[in-house]
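upload_21.pdb follows (PDB, C-alpha atoms):
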```
ATOM      1  CA  MET A   1      45.402  45.279  23.332
ATOM      2  CA  THR A   2      43.556  42.046  22.820
ATOM      3  CA  THR A   3      40.333  42.004  20.817
ATOM      4  CA  THR A   4      37.842  39.287  21.601
ATOM      5  CA  THR A   5      35.685  38.183  18.698
ATOM      6  CA  THR A   6      32.427  36.418  19.395
ATOM      7  CA  THR A   7      31.101  34.215  16.638
ATOM      8  CA  ILE A   8      27.459  33.295  16.632
ATOM      9  CA  GLY A   9      27.126  30.044  14.762
ATOM     10  CA  ARG A  10      24.201  27.968  13.640
ATOM     11  CA  SER A  11      22.453  26.285  16.545
ATOM     12  CA  PRO A  12      22.038  22.511  16.375
ATOM     13  CA  ILE A  13      19.180  21.337  14.188
ATOM     14  CA  GLY A  14      17.693  19.425  17.089
ATOM     15  CA  ASP A  15      17.460  22.551  19.222
ATOM     16  CA  GLN A  16      15.876  24.508  16.369
ATOM     17  CA  LEU A  17      13.348  21.773  15.684
ATOM     18  CA  ALA A  18      12.495  21.472  19.374
ATOM     19  CA  ALA A  19      11.921  25.234  19.634
ATOM     20  CA  LEU A  20       9.677  25.259  16.564
ATOM     21  CA  THR A  21       7.708  22.234  17.786
ATOM     22  CA  VAL A  22       7.130  23.768  21.214
ATOM     23  CA  ARG A  23       6.062  26.977  19.514
ATOM     24  CA  ASN A  24       3.508  25.095  17.379
ATOM     25  CA  LEU A  25       2.132  23.206  20.379
ATOM     26  CA  ARG A  26       1.775  26.430  22.356
ATOM     27  CA  THR A  27       0.108  28.160  19.409
ATOM     28  CA  SER A  28      -2.420  25.335  19.127
ATOM     29  CA  ALA A  29      -3.103  25.437  22.857
ATOM     30  CA  ARG A  30      -3.736  29.199  22.700
ATOM     31  CA  VAL A  31      -6.666  28.687  20.316
ATOM     32  CA  PRO A  32      -9.045  26.581  22.445
ATOM     33  CA  GLN A  33     -11.848  26.745  19.870
ATOM     34  CA  LEU A  34      -9.681  25.164  17.187
ATOM     35  CA  LEU A  35      -8.262  22.684  19.671
ATOM     36  CA  MET A  36     -11.699  21.572  20.849
ATOM     37  CA  PHE A  37     -12.962  21.319  17.261
ATOM     38  CA  SER A  38      -9.981  19.208  16.249
ATOM     39  CA  LEU A  39     -10.391  16.816  19.179
ATOM     40  CA  THR A  40     -14.172  16.634  19.595
ATOM     41  CA  MET A  41     -15.446  16.805  16.005
ATOM     42  CA  PRO A  42     -14.257  13.250  15.200
ATOM     43  CA  MET A  43     -16.087  11.942  18.279
ATOM     44  CA  ALA A  44     -19.292  13.715  17.211
ATOM     45  CA  MET A  45     -18.957  12.223  13.727
ATOM     46  CA  LEU A  46     -18.352   8.782  15.203
ATOM     47  CA  VAL A  47     -21.574   8.982  17.217
ATOM     48  CA  LEU A  48     -23.653  10.330  14.319
ATOM     49  CA  PHE A  49     -22.299   8.028  11.606
ATOM     50  CA  SER A  50     -22.507   4.926  13.807
ATOM     51  CA  GLN A  51     -26.200   5.575  14.382
ATOM     52  CA  VAL A  52     -27.277   6.973  11.012
ATOM     53  CA  PHE A  53     -25.467   4.477   8.778
ATOM     54  CA  ARG A  54     -25.574   1.361  10.925
ATOM     55  CA  SER A  55     -28.092  -0.162   8.512
ATOM     56  CA  VAL A  56     -25.175  -0.508   6.075
ATOM     57  CA  ALA A  57     -24.137  -3.551   8.105
ATOM     58  CA  ALA A  58     -27.220  -5.359   6.797
ATOM     59  CA  GLY A  59     -26.143  -4.914   3.160
ATOM     60  CA  PRO A  60     -24.948  -7.836   1.031
ATOM     61  CA  GLY A  61     -21.429  -6.436   0.575
ATOM     62  CA  PHE A  62     -20.773  -5.869   4.278
ATOM     63  CA  PRO A  63     -18.332  -8.203   6.078
ATOM     64  CA  ALA A  64     -20.160 -10.976   7.879
ATOM     65  CA  GLY A  65     -20.069 -11.007  11.665
ATOM     66  CA  VAL A  66     -18.734  -7.430  11.969
ATOM     67  CA  SER A  67     -20.698  -4.736  13.800
ATOM     68  CA  TYR A  68     -20.846  -1.317  12.182
ATOM     69  CA  ILE A  69     -19.157   0.399  15.140
ATOM     70  CA  ASP A  70     -16.206  -1.985  14.794
ATOM     71  CA  PHE A  71     -16.176  -1.315  11.051
ATOM     72  CA  LEU A  72     -16.442   2.466  11.490
ATOM     73  CA  THR A  73     -13.995   3.167  14.325
ATOM     74  CA  PRO A  74     -10.731   2.498  12.425
ATOM     75  CA  ALA A  75     -12.123   4.496   9.504
ATOM     76  CA  MET A  76     -12.797   7.462  11.782
ATOM     77  CA  LEU A  77      -9.185   7.295  12.948
ATOM     78  CA  ALA A  78      -8.058   7.759   9.338
ATOM     79  CA  VAL A  79     -10.745  10.300   8.461
ATOM     80  CA  SER A  80     -10.060  12.466  11.513
ATOM     81  CA  THR A  81      -6.386  12.502  10.526
ATOM     82  CA  VAL A  82      -7.332  13.888   7.111
ATOM     83  CA  MET A  83      -9.660  16.466   8.651
ATOM     84  CA  ALA A  84      -6.984  17.635  11.062
ATOM     85  CA  GLY A  85      -4.477  17.931   8.230
ATOM     86  CA  THR A  86      -6.255  21.111   7.122
ATOM     87  CA  ASN A  87      -5.067  22.691  10.370
ATOM     88  CA  ALA A  88      -1.490  22.389   9.129
ATOM     89  CA  GLY A  89      -2.467  24.238   5.955
ATOM     90  CA  VAL A  90      -4.191  27.025   7.873
ATOM     91  CA  SER A  91      -1.212  27.267  10.229
ATOM     92  CA  ALA A  92       1.164  27.615   7.275
ATOM     93  CA  ALA A  93      -1.026  30.318   5.731
ATOM     94  CA  ILE A  94      -1.159  32.238   9.019
ATOM     95  CA  ASP A  95       2.649  32.163   9.191
ATOM     96  CA  HIS A  96       2.696  33.850   5.788
ATOM     97  CA  THR A  97       0.096  36.497   6.607
ATOM     98  CA  ASN A  98       1.733  37.579   9.864
ATOM     99  CA  GLY A  99       5.214  37.686   8.361
ATOM    100  CA  LEU A 100       6.594  34.832  10.436
ATOM    101  CA  HIS A 101       7.497  32.807   7.348
ATOM    102  CA  ASP A 102       9.727  35.658   6.140
ATOM    103  CA  ARG A 103      11.379  35.788   9.550
ATOM    104  CA  PHE A 104      12.074  32.072   9.378
ATOM    105  CA  ALA A 105      13.640  32.570   5.925
ATOM    106  CA  ALA A 106      15.996  35.192   7.373
ATOM    107  CA  LEU A 107      17.179  32.915  10.185
ATOM    108  CA  PRO A 108      20.186  30.584   9.875
ATOM    109  CA  MET A 109      18.153  27.388   9.768
ATOM    110  CA  ARG A 110      16.968  24.916   7.174
ATOM    111  CA  ALA A 111      13.829  25.878   5.291
ATOM    112  CA  THR A 112      12.259  22.461   5.904
ATOM    113  CA  LEU A 113      12.267  22.694   9.707
ATOM    114  CA  PRO A 114       8.980  24.649  10.118
ATOM    115  CA  GLY A 115       7.191  21.990   8.066
ATOM    116  CA  VAL A 116       8.770  19.186  10.098
ATOM    117  CA  ALA A 117       7.681  20.926  13.300
ATOM    118  CA  ARG A 118       4.107  21.163  11.985
ATOM    119  CA  THR A 119       4.199  17.448  11.194
ATOM    120  CA  ILE A 120       5.342  16.582  14.721
ATOM    121  CA  ASN A 121       2.594  18.797  16.091
ATOM    122  CA  GLU A 122       0.005  16.938  14.008
ATOM    123  CA  ALA A 123       1.408  13.573  15.103
ATOM    124  CA  VAL A 124       0.994  14.522  18.773
ATOM    125  CA  PHE A 125      -2.603  15.602  18.258
ATOM    126  CA  THR A 126      -3.254  12.496  16.152
ATOM    127  CA  LEU A 127      -2.372  10.294  19.105
ATOM    128  CA  ALA A 128      -4.560  12.417  21.405
ATOM    129  CA  ARG A 129      -7.501  12.153  18.999
ATOM    130  CA  ALA A 130      -6.999   8.402  18.684
ATOM    131  CA  ALA A 131      -7.187   8.034  22.461
ATOM    132  CA  LEU A 132     -10.377  10.108  22.701
ATOM    133  CA  LEU A 133     -11.953   8.291  19.768
ATOM    134  CA  GLY A 134     -11.112   4.973  21.372
ATOM    135  CA  ILE A 135     -12.871   5.972  24.590
ATOM    136  CA  ALA A 136     -15.965   7.165  22.703
ATOM    137  CA  ALA A 137     -16.030   4.019  20.555
ATOM    138  CA  VAL A 138     -15.841   1.708  23.578
ATOM    139  CA  ALA A 139     -18.793   3.579  25.083
ATOM    140  CA  LEU A 140     -20.729   2.786  21.873
ATOM    141  CA  GLY A 141     -19.887  -0.912  22.025
ATOM    142  CA  PHE A 142     -16.601  -1.102  20.119
ATOM    143  CA  GLU A 143     -14.296  -4.048  20.805
ATOM    144  CA  PHE A 144     -10.637  -4.346  19.800
ATOM    145  CA  HIS A 145     -10.103  -7.809  18.329
ATOM    146  CA  GLY A 146      -6.411  -7.557  17.470
ATOM    147  CA  THR A 147      -3.187  -8.206  19.354
ATOM    148  CA  ALA A 148      -0.597  -5.893  20.865
ATOM    149  CA  VAL A 149       1.345  -6.108  17.591
ATOM    150  CA  ASP A 150      -1.788  -5.044  15.718
ATOM    151  CA  ALA A 151      -2.155  -2.035  18.017
ATOM    152  CA  VAL A 152       1.430  -0.912  17.435
ATOM    153  CA  ALA A 153       1.126  -1.413  13.663
ATOM    154  CA  ALA A 154      -2.100   0.600  13.614
ATOM    155  CA  VAL A 155      -0.416   3.486  15.447
ATOM    156  CA  VAL A 156       2.475   3.453  12.962
ATOM    157  CA  VAL A 157       0.094   3.565   9.988
ATOM    158  CA  LEU A 158      -1.871   6.402  11.600
ATOM    159  CA  VAL A 159       1.191   8.525  12.389
ATOM    160  CA  VAL A 160       2.660   8.095   8.894
ATOM    161  CA  LEU A 161      -0.704   9.069   7.381
ATOM    162  CA  ALA A 162      -0.747  12.150   9.633
ATOM    163  CA  GLY A 163       2.682  13.127   8.311
ATOM    164  CA  ALA A 164       1.514  12.791   4.704
ATOM    165  CA  MET A 165      -1.631  14.853   5.335
ATOM    166  CA  SER A 166       0.355  17.516   7.179
ATOM    167  CA  ALA A 167       2.763  17.798   4.250
ATOM    168  CA  LEU A 168      -0.067  17.906   1.689
ATOM    169  CA  PHE A 169      -2.141  20.590   3.385
ATOM    170  CA  GLY A 170       0.985  22.461   4.499
ATOM    171  CA  LEU A 171       1.957  22.763   0.836
ATOM    172  CA  ILE A 172      -1.506  24.118   0.043
ATOM    173  CA  GLY A 173      -1.100  26.673   2.825
ATOM    174  CA  ASP A 174       2.337  27.715   1.561
ATOM    175  CA  ARG A 175       0.996  28.169  -1.968
ATOM    176  CA  LEU A 176      -2.304  29.954  -1.260
ATOM    177  CA  ARG A 177      -1.123  31.935   1.805
ATOM    178  CA  ARG A 178      -4.620  33.001   2.877
ATOM    179  CA  PRO A 179      -6.231  31.111   5.762
ATOM    180  CA  ASP A 180      -9.797  31.555   4.469
ATOM    181  CA  VAL A 181      -8.871  30.350   0.977
ATOM    182  CA  VAL A 182      -6.869  27.460   2.429
ATOM    183  CA  GLN A 183      -9.910  26.290   4.380
ATOM    184  CA  PHE A 184     -12.049  26.109   1.235
ATOM    185  CA  ALA A 185      -9.279  24.502  -0.812
ATOM    186  CA  GLY A 186      -8.676  22.045   2.008
ATOM    187  CA  MET A 187     -12.320  21.009   1.912
ATOM    188  CA  MET A 188     -12.086  20.360  -1.827
ATOM    189  CA  VAL A 189      -9.108  18.067  -1.265
ATOM    190  CA  MET A 190     -10.398  16.517   1.951
ATOM    191  CA  MET A 191     -13.808  15.365   0.698
ATOM    192  CA  PRO A 192     -12.634  12.915  -2.004
ATOM    193  CA  LEU A 193      -9.901  11.597   0.285
ATOM    194  CA  MET A 194     -12.523  10.826   2.938
ATOM    195  CA  PHE A 195     -15.426   9.499   0.904
ATOM    196  CA  VAL A 196     -13.723   7.830  -2.080
ATOM    197  CA  SER A 197     -12.486   5.128   0.238
ATOM    198  CA  SER A 198     -13.723   2.222   2.311
ATOM    199  CA  ALA A 199     -14.231   4.467   5.336
ATOM    200  CA  PHE A 200     -18.028   4.389   5.523
ATOM    201  CA  ALA A 201     -18.997   1.580   3.162
ATOM    202  CA  PRO A 202     -17.180  -1.294   1.399
ATOM    203  CA  ILE A 203     -15.530  -0.255  -1.859
ATOM    204  CA  GLN A 204     -17.310  -3.133  -3.623
ATOM    205  CA  THR A 205     -20.609  -1.295  -3.216
ATOM    206  CA  MET A 206     -19.341   1.767  -5.156
ATOM    207  CA  PRO A 207     -19.487   2.440  -8.918
ATOM    208  CA  GLY A 208     -16.593   1.080 -10.939
ATOM    209  CA  TRP A 209     -14.983   4.461 -11.625
ATOM    210  CA  MET A 210     -15.050   5.264  -7.911
ATOM    211  CA  GLN A 211     -13.503   1.918  -7.057
ATOM    212  CA  ALA A 212     -10.650   2.729  -9.451
ATOM    213  CA  MET A 213     -10.112   6.091  -7.726
ATOM    214  CA  ALA A 214     -10.154   4.430  -4.312
ATOM    215  CA  THR A 215      -7.260   2.159  -5.294
ATOM    216  CA  MET A 216      -5.087   5.277  -5.663
ATOM    217  CA  ASN A 217      -6.259   6.890  -2.426
ATOM    218  CA  PRO A 218      -3.752   6.550   0.454
ATOM    219  CA  VAL A 219      -6.570   7.103   2.939
ATOM    220  CA  ALA A 220      -8.370   4.048   1.554
ATOM    221  CA  HIS A 221      -5.258   1.898   2.030
ATOM    222  CA  ALA A 222      -4.718   3.284   5.533
ATOM    223  CA  THR A 223      -8.354   2.573   6.405
ATOM    224  CA  ASP A 224      -8.083  -1.016   5.188
ATOM    225  CA  ALA A 225      -4.887  -1.592   7.169
ATOM    226  CA  LEU A 226      -6.283   0.010  10.328
ATOM    227  CA  ARG A 227      -9.514  -1.976  10.027
ATOM    228  CA  GLY A 228      -7.637  -5.214   9.553
ATOM    229  CA  HIS A 229      -5.504  -4.637  12.643
ATOM    230  CA  VAL A 230      -8.430  -3.462  14.752
ATOM    231  CA  LEU A 231     -10.652  -6.384  13.746
ATOM    232  CA  GLY A 232      -7.801  -8.876  13.964
ATOM    233  CA  THR A 233      -8.942 -10.472  10.714
ATOM    234  CA  ALA A 234      -6.975 -12.269   8.029
ATOM    235  CA  THR A 235      -6.824  -9.015   6.042
ATOM    236  CA  ALA A 236      -4.395  -7.577   8.592
ATOM    237  CA  THR A 237      -1.423  -8.902   6.667
ATOM    238  CA  ALA A 238       2.018  -7.447   6.274
ATOM    239  CA  ALA A 239       1.111  -6.625   2.664
ATOM    240  CA  ASP A 240      -1.861  -4.471   3.753
ATOM    241  CA  THR A 241       0.277  -2.518   6.204
ATOM    242  CA  ALA A 242       3.125  -2.178   3.728
ATOM    243  CA  THR A 243       0.751  -0.896   1.028
ATOM    244  CA  ALA A 244      -0.723   1.674   3.416
ATOM    245  CA  LEU A 245       2.714   2.867   4.503
ATOM    246  CA  LEU A 246       4.066   3.010   0.942
ATOM    247  CA  ALA A 247       1.019   4.950  -0.272
ATOM    248  CA  ALA A 248       1.307   7.510   2.532
ATOM    249  CA  ILE A 249       5.093   7.808   2.203
ATOM    250  CA  GLY A 250       4.760   8.134  -1.570
ATOM    251  CA  LEU A 251       2.317  11.022  -1.186
ATOM    252  CA  TRP A 252       4.557  12.548   1.480
ATOM    253  CA  ALA A 253       7.626  12.311  -0.754
ATOM    254  CA  ALA A 254       5.813  13.691  -3.800
ATOM    255  CA  VAL A 255       4.449  16.667  -1.866
ATOM    256  CA  THR A 256       7.815  17.361  -0.239
ATOM    257  CA  ALA A 257       9.546  17.296  -3.621
ATOM    258  CA  VAL A 258       7.281  19.993  -5.106
ATOM    259  CA  PRO A 259       9.004  23.000  -3.454
ATOM    260  CA  PHE A 260      12.458  21.741  -4.448
ATOM    261  CA  LEU A 261      11.383  21.184  -8.045
ATOM    262  CA  ALA A 262       9.721  24.609  -8.123
ATOM    263  CA  ARG A 263      12.991  26.284  -7.104
ATOM    264  CA  ARG A 264      14.808  24.623  -9.980
ATOM    265  CA  VAL A 265      12.296  25.767 -12.561
ATOM    266  CA  ARG A 266      12.935  29.339 -13.626
ATOM    267  CA  PRO A 267      10.720  31.222 -16.072
ATOM    268  CA  ALA A 268      12.327  32.079 -19.368
ATOM    269  CA  ARG A 269      13.612  35.645 -19.546
ATOM    270  CA  VAL A 270      11.670  37.807 -21.966
ATOM    271  CA  ARG A 271      13.930  39.864 -24.192
TER     272      ARG A 271
END
```
Since I need it in another form, could you write the structure as structure tokens?
Amino acid sequence: MTTTTTTIGRSPIGDQLAALTVRNLRTSARVPQLLMFSLTMPMAMLVLFSQVFRSVAAGPGFPAGVSYIDFLTPAMLAVSTVMAGTNAGVSAAIDHTNGLHDRFAALPMRATLPGVARTINEAVFTLARAALLGIAAVALGFEFHGTAVDAVAAVVVLVVLAGAMSALFGLIGDRLRRPDVVQFAGMMVMMPLMFVSSAFAPIQTMPGWMQAMATMNPVAHATDALRGHVLGTATATAADTATALLAAIGLWAAVTAVPFLARRVRPARVR
């Protein structure tokens, strides 16, 4: 009598990642309120900020010959990426509250894959938001002054920043594990990232201590690089883009390393 043994092995990582990514995209699509907020809120902010703060363009520290809508649009690309990063944190917290995170831990797959899938999900929506923001900005008088190379470089900077924000807020969601708490904590992190930067006004117009903080803010570097590529000015140098990418990748690497370092640290046993 012959006995047939069936061995169920680990599925390829690519198949697992694809399944998790599709699951995240479907989950986002099933919450139309969140989806509409994520895609339309940046456009509403673009309209409001471009009208309310356009007098900033008349200030002494504002770049000469640049309209405020041209100055603001690349900043809104970076800011909307930060705002949307909180969705990754809330998504991670929801996975904990409904027990899905524990199910993932019991499956034969790498623990990092759910986070990678969330990052891909955020990258897809980042590109969608960028397209919608571009349409709204053109309607308000925005003009792209760069080249095709500038456009590609800007997309690369934006996607890398989205990955860093997804990792940062995803870590917050994994640690706090309550969607309502994650939303408040995300706001506390999001506000300085957005406003302690050159997004809405030149850094030179800020107090000295705030300028020092802005130099360590990856969103500030991403905003400068995006603005340089969009305006097609001399500031759109390889150094600007490299600094923005290194700052975002550095934050991404630091945040990703936290869970691994936490596993190695064990509390001392009390005797």
Show me, as a VMD selection string, the residues that have an atom within 12 Å of region 210-214 of chain A when counting all atoms listed in the file, minus same-chain residues fewer than 5 positions from it. chain A and resid 192 to 199 201 to 205 219 to 224 247
Rank A:Thr97, A:Arg177, A:Ala154, A:Gly85 by their smallest atom-to-atom distance to Ala242 (chain A), using only C-alpha atoms, and report the top residue only. A:Ala154
Tell me, in Å to one decimal, how far CA of Arg118 (chain A) is from CA of Ser166 (chain A). 7.1 Å
Can I get the residues of region 186-269 of chain A within 10 Å of region 141-149 of chain A, each with the closest pair of atoms and their distance in Å to one decimal, using only C-alpha atoms, sorted chain first then ascending number, as CSV?
```
residue,atom,partner,partner_atom,distance
A:Arg227,CA,A:Gly146,CA,9.8
A:Gly228,CA,A:Gly146,CA,8.3
A:His229,CA,A:Gly146,CA,5.7
A:Val230,CA,A:Gly146,CA,5.3
A:Leu231,CA,A:His145,CA,4.8
A:Gly232,CA,A:Gly146,CA,4.0
A:Thr233,CA,A:Gly146,CA,7.8
A:Ala236,CA,A:Gly146,CA,9.1
```
CA of Val189 (chain A) to CA of Thr237 (chain A): how many Å, to one decimal?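 One can read the CA of Val189 (chain A) to CA of Thr237 (chain A) distance as 29.1 Å.
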Excluding same-chain residues fewer than 2 positions from Thr243 (chain A), what lies within 10 Å of it counting only C-alpha atoms, as a short mmCIF file (atom, residue, chain, number, x, y, z; two decimals) with C-alpha atoms, in the coordinates of the input?
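Just written: out.cif:
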```
data_model
loop_
_atom_site.label_atom_id
_atom_site.label_comp_id
_atom_site.auth_asym_id
_atom_site.auth_seq_id
_atom_site.Cartn_x
_atom_site.Cartn_y
_atom_site.Cartn_z
CA PRO A 218 -3.75 6.55 0.45
CA HIS A 221 -5.26 1.90 2.03
CA ALA A 222 -4.72 3.28 5.53
CA ASP A 224 -8.08 -1.02 5.19
CA ALA A 225 -4.89 -1.59 7.17
CA ALA A 238 2.02 -7.45 6.27
CA ALA A 239 1.11 -6.62 2.66
CA ASP A 240 -1.86 -4.47 3.75
CA THR A 241 0.28 -2.52 6.20
CA LEU A 245 2.71 2.87 4.50
CA LEU A 246 4.07 3.01 0.94
CA ALA A 247 1.02 4.95 -0.27
CA ALA A 248 1.31 7.51 2.53
CA ILE A 249 5.09 7.81 2.20
#
```
Could you write out as a ChimeraX atom specification the residues that the PyMOL selection byres ((chain A and resi 174) around 8) matches in the shown file? /A:89,92-93,96,170-173,175-177
Gap from CA of Met83 (chain A) to CA of Asp95 (chain A) - Å, one decimal: 20.0 Å
Could you please fill out region 85-102 of chain A with N, CA, C and O atoms and send it back as a PDB file, in the coordinates of the input?
```
ATOM      1  N   GLY A  85      -5.563  17.473   9.092  1.00  0.00           N
ATOM      2  CA  GLY A  85      -4.477  17.931   8.230  1.00  0.00           C
ATOM      3  C   GLY A  85      -4.696  19.339   7.716  1.00  0.00           C
ATOM      4  O   GLY A  85      -3.734  20.080   7.461  1.00  0.00           O
ATOM      5  N   THR A  86      -5.981  19.742   7.574  1.00  0.00           N
ATOM      6  CA  THR A  86      -6.255  21.111   7.122  1.00  0.00           C
ATOM      7  C   THR A  86      -5.727  22.140   8.109  1.00  0.00           C
ATOM      8  O   THR A  86      -5.436  23.278   7.724  1.00  0.00           O
ATOM      9  N   ASN A  87      -5.610  21.758   9.384  1.00  0.00           N
ATOM     10  CA  ASN A  87      -5.067  22.691  10.370  1.00  0.00           C
ATOM     11  C   ASN A  87      -3.626  23.067  10.044  1.00  0.00           C
ATOM     12  O   ASN A  87      -3.200  24.205  10.274  1.00  0.00           O
ATOM     13  N   ALA A  88      -2.870  22.099   9.514  1.00  0.00           N
ATOM     14  CA  ALA A  88      -1.490  22.389   9.129  1.00  0.00           C
ATOM     15  C   ALA A  88      -1.447  23.396   7.994  1.00  0.00           C
ATOM     16  O   ALA A  88      -0.585  24.277   7.956  1.00  0.00           O
ATOM     17  N   GLY A  89      -2.402  23.280   7.052  1.00  0.00           N
ATOM     18  CA  GLY A  89      -2.467  24.238   5.955  1.00  0.00           C
ATOM     19  C   GLY A  89      -2.817  25.628   6.435  1.00  0.00           C
ATOM     20  O   GLY A  89      -2.217  26.626   6.017  1.00  0.00           O
ATOM     21  N   VAL A  90      -3.801  25.719   7.318  1.00  0.00           N
ATOM     22  CA  VAL A  90      -4.191  27.025   7.873  1.00  0.00           C
ATOM     23  C   VAL A  90      -3.039  27.624   8.679  1.00  0.00           C
ATOM     24  O   VAL A  90      -2.773  28.823   8.600  1.00  0.00           O
ATOM     25  N   SER A  91      -2.351  26.787   9.441  1.00  0.00           N
ATOM     26  CA  SER A  91      -1.212  27.267  10.229  1.00  0.00           C
ATOM     27  C   SER A  91      -0.119  27.821   9.331  1.00  0.00           C
ATOM     28  O   SER A  91       0.476  28.870   9.621  1.00  0.00           O
ATOM     29  N   ALA A  92       0.148  27.130   8.216  1.00  0.00           N
ATOM     30  CA  ALA A  92       1.164  27.615   7.275  1.00  0.00           C
ATOM     31  C   ALA A  92       0.745  28.938   6.658  1.00  0.00           C
ATOM     32  O   ALA A  92       1.562  29.860   6.496  1.00  0.00           O
ATOM     33  N   ALA A  93      -0.538  29.070   6.320  1.00  0.00           N
ATOM     34  CA  ALA A  93      -1.026  30.318   5.731  1.00  0.00           C
ATOM     35  C   ALA A  93      -0.938  31.468   6.726  1.00  0.00           C
ATOM     36  O   ALA A  93      -0.586  32.600   6.364  1.00  0.00           O
ATOM     37  N   ILE A  94      -1.249  31.198   7.984  1.00  0.00           N
ATOM     38  CA  ILE A  94      -1.159  32.238   9.019  1.00  0.00           C
ATOM     39  C   ILE A  94       0.282  32.707   9.176  1.00  0.00           C
ATOM     40  O   ILE A  94       0.552  33.906   9.357  1.00  0.00           O
ATOM     41  N   ASP A  95       1.232  31.779   9.100  1.00  0.00           N
ATOM     42  CA  ASP A  95       2.649  32.163   9.191  1.00  0.00           C
ATOM     43  C   ASP A  95       3.042  33.103   8.057  1.00  0.00           C
ATOM     44  O   ASP A  95       3.915  33.964   8.225  1.00  0.00           O
ATOM     45  N   HIS A  96       2.415  32.953   6.910  1.00  0.00           N
ATOM     46  CA  HIS A  96       2.696  33.850   5.788  1.00  0.00           C
ATOM     47  C   HIS A  96       2.046  35.216   6.003  1.00  0.00           C
ATOM     48  O   HIS A  96       2.674  36.252   5.730  1.00  0.00           O
ATOM     49  N   THR A  97       0.805  35.222   6.467  1.00  0.00           N
ATOM     50  CA  THR A  97       0.096  36.497   6.607  1.00  0.00           C
ATOM     51  C   THR A  97       0.669  37.366   7.717  1.00  0.00           C
ATOM     52  O   THR A  97       0.651  38.599   7.616  1.00  0.00           O
ATOM     53  N   ASN A  98       1.180  36.758   8.774  1.00  0.00           N
ATOM     54  CA  ASN A  98       1.733  37.579   9.864  1.00  0.00           C
ATOM     55  C   ASN A  98       3.233  37.827   9.733  1.00  0.00           C
ATOM     56  O   ASN A  98       3.857  38.397  10.634  1.00  0.00           O
ATOM     57  N   GLY A  99       3.807  37.403   8.624  1.00  0.00           N
ATOM     58  CA  GLY A  99       5.214  37.686   8.361  1.00  0.00           C
ATOM     59  C   GLY A  99       6.191  36.735   9.012  1.00  0.00           C
ATOM     60  O   GLY A  99       7.415  36.903   8.853  1.00  0.00           O
ATOM     61  N   LEU A 100       5.689  35.736   9.731  1.00  0.00           N
ATOM     62  CA  LEU A 100       6.594  34.832  10.436  1.00  0.00           C
ATOM     63  C   LEU A 100       7.395  33.971   9.468  1.00  0.00           C
ATOM     64  O   LEU A 100       8.561  33.641   9.729  1.00  0.00           O
ATOM     65  N   HIS A 101       6.785  33.615   8.341  1.00  0.00           N
ATOM     66  CA  HIS A 101       7.497  32.807   7.348  1.00  0.00           C
ATOM     67  C   HIS A 101       8.725  33.552   6.825  1.00  0.00           C
ATOM     68  O   HIS A 101       9.798  32.964   6.625  1.00  0.00           O
ATOM     69  N   ASP A 102       8.586  34.856   6.601  1.00  0.00           N
ATOM     70  CA  ASP A 102       9.727  35.658   6.140  1.00  0.00           C
ATOM     71  C   ASP A 102      10.808  35.736   7.209  1.00  0.00           C
ATOM     72  O   ASP A 102      12.009  35.755   6.895  1.00  0.00           O
TER      73      ASP A 102
END
```
